[in-house]
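Contents: one structure, followed by commentary.
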Amino acid sequence: PGHKIYPYLLRGMEITRPNQVWAMDITYIPMARGFVYLAVVLDWFSRRVLSWRLSITMEAAFCVAALEDALARHGTPDIFNTDQGSQFTGAAFTGVLANNDIAISMDGKGAWRDNVFVERLWRSVKYEEVYLRAYDSVGEARASIGRYLDFYNRASEHPSCYVIEGKRLCWPGCDPAGYLGFCRARSAIDRAAEVVSAARAKIHGPSARGWIASI
């Protein structure tokens, strides 16, 4: 309560280089028992994850730690964009940005599209990593998510329309990591369908009433 809300500075802006705009967000990560929170700092131009932290609470400290780590390793952006969450509007977080002469931008209330590139990252992280696992501990979640984010950054080095798997092309504006995950998932689904069809044909035959109950 009482924290300053900053205007959204990115509408209509052309993003042409790294370190022009960084963004940050938090998402919920389910585990086998309980859950944790993941915060990332993302470069809007390169789509690279510059820093990330996992926490069992929503306090601002782990967001500040991720921000300070990104600044130490990658320099300073012109603009830093977040939503209006209390972790980002508090003095502990905005003070770091102000002390580094970084312009502060915040999404409109409920306007998830204002930070669409981070939302795309969350989609990739959850469908290609988190939902495929059931982490038994925070340590296991941290290690596994770290491996995935390393993969995501390597995949994001490919520009749009670059050949990334055989002769398949990545369409403009998509996340390469997301595209690779889609290809893997589609291939697995196709193989599973073939196995089920073969098993059905072997175990069940046509009857006067048509095909009987399948496996």
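In the structure tokens, each chain is lettered A, B, ... as it comes, each chain's residues begin at 1, and ligands are numbered from 1 in order of appearance.
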
Problem set entry | Picked from stretch 79-132 of chain A by DSSP as strand (DSSP E), as JSON, numbers by chain | {"A": [79, 80, 81, 82, 103, 104, 105, 106]}

Problem set entry | Neighbour list for stretch 23-29 of chain A as a PyMOL selection string, cut-off 7 Å, only C-alpha atoms, skip fewer than 5 positions in-chain | chain A and resi 35-44+80-82+118

Next, the residues of the selection above should be written as a compact mmCIF listing (two decimals), in the first residue's frame with C-alpha atoms.
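out-v9.txt written:
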```
# COMPACT_ATOMS: atom_id res chain seq x y z
CA PHE A 35 5.12 -25.21 -4.45
CA VAL A 36 7.80 -22.56 -5.02
CA TYR A 37 8.02 -19.29 -6.92
CA LEU A 38 10.28 -18.60 -9.89
CA ALA A 39 11.44 -15.10 -10.81
CA VAL A 40 13.34 -14.28 -14.00
CA VAL A 41 14.96 -11.26 -15.61
CA LEU A 42 14.55 -11.39 -19.41
CA ASP A 43 16.09 -9.28 -22.17
CA TRP A 44 13.28 -8.27 -24.54
CA PHE A 80 13.14 -2.16 -16.77
CA ASN A 81 9.54 -3.40 -17.00
CA THR A 82 7.51 -5.33 -14.40
CA VAL A 118 7.87 -13.21 -20.24
```

Problem set entry | Residues near A:Ser137, cut-off 9 Å, only C-alpha atoms, skip fewer than 6 positions along chain, as a ChimeraX atom specification | /A:31-33

Exercise. Which polymer residues have any atom within 9 Å of an atom of A:Val125, counting only C-alpha atoms, with same-chain residues fewer than 4 positions away left out, as a ChimeraX atom specification?
Worked result: /A:120-121,129-131,145,148-149,152,178

Exercise. So, counting only C-alpha atoms, which residue among A:Asp150, A:Glu128, A:Asp83, A:Asp107 is closest to A:Leu50?
Worked result: A:Asp150

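Taking atom CA of A:Asn100 as the reference point, atom CA of A:Ser51 is found at 17.2 Å.
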
Exercise. Taking into account only C-alpha atoms, which residue in the set A:Ala143, A:Ala65, A:Ala70, A:Ile15 is nearest to A:Val49?
Worked result: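 The shortest atom-to-atom distance to A:Val49 comes from A:Ala70.
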
Contact residues around A:Gly34 with only C-alpha atoms at 12 Å, ignoring same-chain residues under 5 positions, as a PDB file with all heavy atoms, in the first residue's frame:
```
ATOM      1  N   TYR A  28       4.284 -19.287 -10.447  1.00  0.00           N
ATOM      2  CA  TYR A  28       4.061 -20.344  -9.457  1.00  0.00           C
ATOM      3  C   TYR A  28       4.541 -21.670 -10.045  1.00  0.00           C
ATOM      4  O   TYR A  28       4.200 -22.016 -11.175  1.00  0.00           O
ATOM      5  CB  TYR A  28       2.564 -20.361  -9.162  1.00  0.00           C
ATOM      6  CG  TYR A  28       2.002 -21.529  -8.415  1.00  0.00           C
ATOM      7  CD1 TYR A  28       1.840 -21.478  -7.038  1.00  0.00           C
ATOM      8  CD2 TYR A  28       1.571 -22.680  -9.083  1.00  0.00           C
ATOM      9  CE1 TYR A  28       1.272 -22.544  -6.352  1.00  0.00           C
ATOM     10  CE2 TYR A  28       1.005 -23.740  -8.402  1.00  0.00           C
ATOM     11  CZ  TYR A  28       0.859 -23.662  -7.036  1.00  0.00           C
ATOM     12  OH  TYR A  28       0.309 -24.711  -6.357  1.00  0.00           O
ATOM     13  N   ILE A  29       5.343 -22.422  -9.283  1.00  0.00           N
ATOM     14  CA  ILE A  29       5.882 -23.709  -9.731  1.00  0.00           C
ATOM     15  C   ILE A  29       5.398 -24.810  -8.791  1.00  0.00           C
ATOM     16  O   ILE A  29       5.823 -24.894  -7.636  1.00  0.00           O
ATOM     17  CB  ILE A  29       7.429 -23.692  -9.740  1.00  0.00           C
ATOM     18  CG1 ILE A  29       7.966 -22.573 -10.643  1.00  0.00           C
ATOM     19  CG2 ILE A  29       7.960 -25.059 -10.168  1.00  0.00           C
ATOM     20  CD1 ILE A  29       7.666 -22.750 -12.108  1.00  0.00           C
ATOM     21  N   ILE A  56      10.647 -19.960  -1.699  1.00  0.00           N
ATOM     22  CA  ILE A  56       9.455 -20.568  -1.114  1.00  0.00           C
ATOM     23  C   ILE A  56       8.460 -19.505  -0.642  1.00  0.00           C
ATOM     24  O   ILE A  56       7.361 -19.841  -0.201  1.00  0.00           O
ATOM     25  CB  ILE A  56       9.816 -21.490   0.068  1.00  0.00           C
ATOM     26  CG1 ILE A  56      10.536 -20.711   1.172  1.00  0.00           C
ATOM     27  CG2 ILE A  56      10.658 -22.661  -0.408  1.00  0.00           C
ATOM     28  CD1 ILE A  56      10.781 -21.527   2.431  1.00  0.00           C
ATOM     29  N   THR A  57       8.832 -18.229  -0.730  1.00  0.00           N
ATOM     30  CA  THR A  57       7.932 -17.135  -0.351  1.00  0.00           C
ATOM     31  C   THR A  57       7.883 -16.103  -1.465  1.00  0.00           C
ATOM     32  O   THR A  57       8.714 -16.100  -2.377  1.00  0.00           O
ATOM     33  CB  THR A  57       8.392 -16.435   0.937  1.00  0.00           C
ATOM     34  OG1 THR A  57       9.583 -15.669   0.667  1.00  0.00           O
ATOM     35  CG2 THR A  57       8.672 -17.437   2.036  1.00  0.00           C
ATOM     36  N   ALA A 134       7.611 -33.936 -11.229  1.00  0.00           N
ATOM     37  CA  ALA A 134       7.016 -33.687  -9.914  1.00  0.00           C
ATOM     38  C   ALA A 134       8.189 -33.577  -8.942  1.00  0.00           C
ATOM     39  O   ALA A 134       8.652 -34.586  -8.396  1.00  0.00           O
ATOM     40  CB  ALA A 134       6.076 -34.807  -9.521  1.00  0.00           C
ATOM     41  N   TYR A 135       8.702 -32.387  -8.762  1.00  0.00           N
ATOM     42  CA  TYR A 135       9.908 -32.186  -7.953  1.00  0.00           C
ATOM     43  C   TYR A 135       9.656 -32.610  -6.505  1.00  0.00           C
ATOM     44  O   TYR A 135       8.675 -32.226  -5.891  1.00  0.00           O
ATOM     45  CB  TYR A 135      10.335 -30.721  -7.984  1.00  0.00           C
ATOM     46  CG  TYR A 135      10.441 -30.133  -9.374  1.00  0.00           C
ATOM     47  CD1 TYR A 135       9.642 -29.059  -9.755  1.00  0.00           C
ATOM     48  CD2 TYR A 135      11.341 -30.641 -10.309  1.00  0.00           C
ATOM     49  CE1 TYR A 135       9.735 -28.503 -11.019  1.00  0.00           C
ATOM     50  CE2 TYR A 135      11.442 -30.095 -11.576  1.00  0.00           C
ATOM     51  CZ  TYR A 135      10.631 -29.027 -11.932  1.00  0.00           C
ATOM     52  OH  TYR A 135      10.729 -28.489 -13.189  1.00  0.00           O
ATOM     53  N   ASP A 136      10.586 -33.374  -5.951  1.00  0.00           N
ATOM     54  CA  ASP A 136      10.459 -33.830  -4.571  1.00  0.00           C
ATOM     55  C   ASP A 136      11.004 -32.825  -3.567  1.00  0.00           C
ATOM     56  O   ASP A 136      10.709 -32.908  -2.377  1.00  0.00           O
ATOM     57  CB  ASP A 136      11.198 -35.164  -4.385  1.00  0.00           C
ATOM     58  CG  ASP A 136      10.473 -36.315  -5.064  1.00  0.00           C
ATOM     59  OD1 ASP A 136       9.228 -36.313  -5.041  1.00  0.00           O
ATOM     60  OD2 ASP A 136      11.144 -37.205  -5.622  1.00  0.00           O
ATOM     61  N   SER A 137      11.837 -31.885  -4.038  1.00  0.00           N
ATOM     62  CA  SER A 137      12.441 -30.912  -3.125  1.00  0.00           C
ATOM     63  C   SER A 137      12.734 -29.617  -3.876  1.00  0.00           C
ATOM     64  O   SER A 137      12.752 -29.586  -5.118  1.00  0.00           O
ATOM     65  CB  SER A 137      13.749 -31.472  -2.548  1.00  0.00           C
ATOM     66  OG  SER A 137      14.727 -31.595  -3.584  1.00  0.00           O
ATOM     67  N   VAL A 138      12.976 -28.574  -3.114  1.00  0.00           N
ATOM     68  CA  VAL A 138      13.344 -27.288  -3.713  1.00  0.00           C
ATOM     69  C   VAL A 138      14.668 -27.417  -4.461  1.00  0.00           C
ATOM     70  O   VAL A 138      14.844 -26.866  -5.547  1.00  0.00           O
ATOM     71  CB  VAL A 138      13.435 -26.195  -2.634  1.00  0.00           C
ATOM     72  CG1 VAL A 138      13.912 -24.870  -3.243  1.00  0.00           C
ATOM     73  CG2 VAL A 138      12.080 -25.997  -1.947  1.00  0.00           C
ATOM     74  N   ALA A 141      14.027 -29.021  -7.795  1.00  0.00           N
ATOM     75  CA  ALA A 141      13.386 -28.064  -8.693  1.00  0.00           C
ATOM     76  C   ALA A 141      14.396 -27.054  -9.216  1.00  0.00           C
ATOM     77  O   ALA A 141      14.429 -26.746 -10.415  1.00  0.00           O
ATOM     78  CB  ALA A 141      12.253 -27.341  -7.956  1.00  0.00           C
TER      79      ALA A 141
END
```

Exercise. Using only C-alpha atoms, which of the listed residues (A:Ser144, A:Ala92, A:Asn19, A:Gly12) sits closest to A:Arg73?
Worked result: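 Answer, going by the shortest atom-to-atom distance: A:Asn19.
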
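Each of A:Arg47, A:Lys4, A:Pro18, A:Gln84 was compared to A:Phe117 using only C-alpha atoms, and A:Arg47 turns out to be the nearest.
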
Exercise. Could you work out how far atom CA of A:Pro30 lies from atom CA of A:Gln87, giving the answer in Å with one decimal?
Worked result: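 Distance between the two atoms: 20.3 Å.
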
For this session: Calculate how many Å separate atom CA of A:Pro7 from atom CA of A:Met106, rounding to one decimal.
Result: 5.7 Å
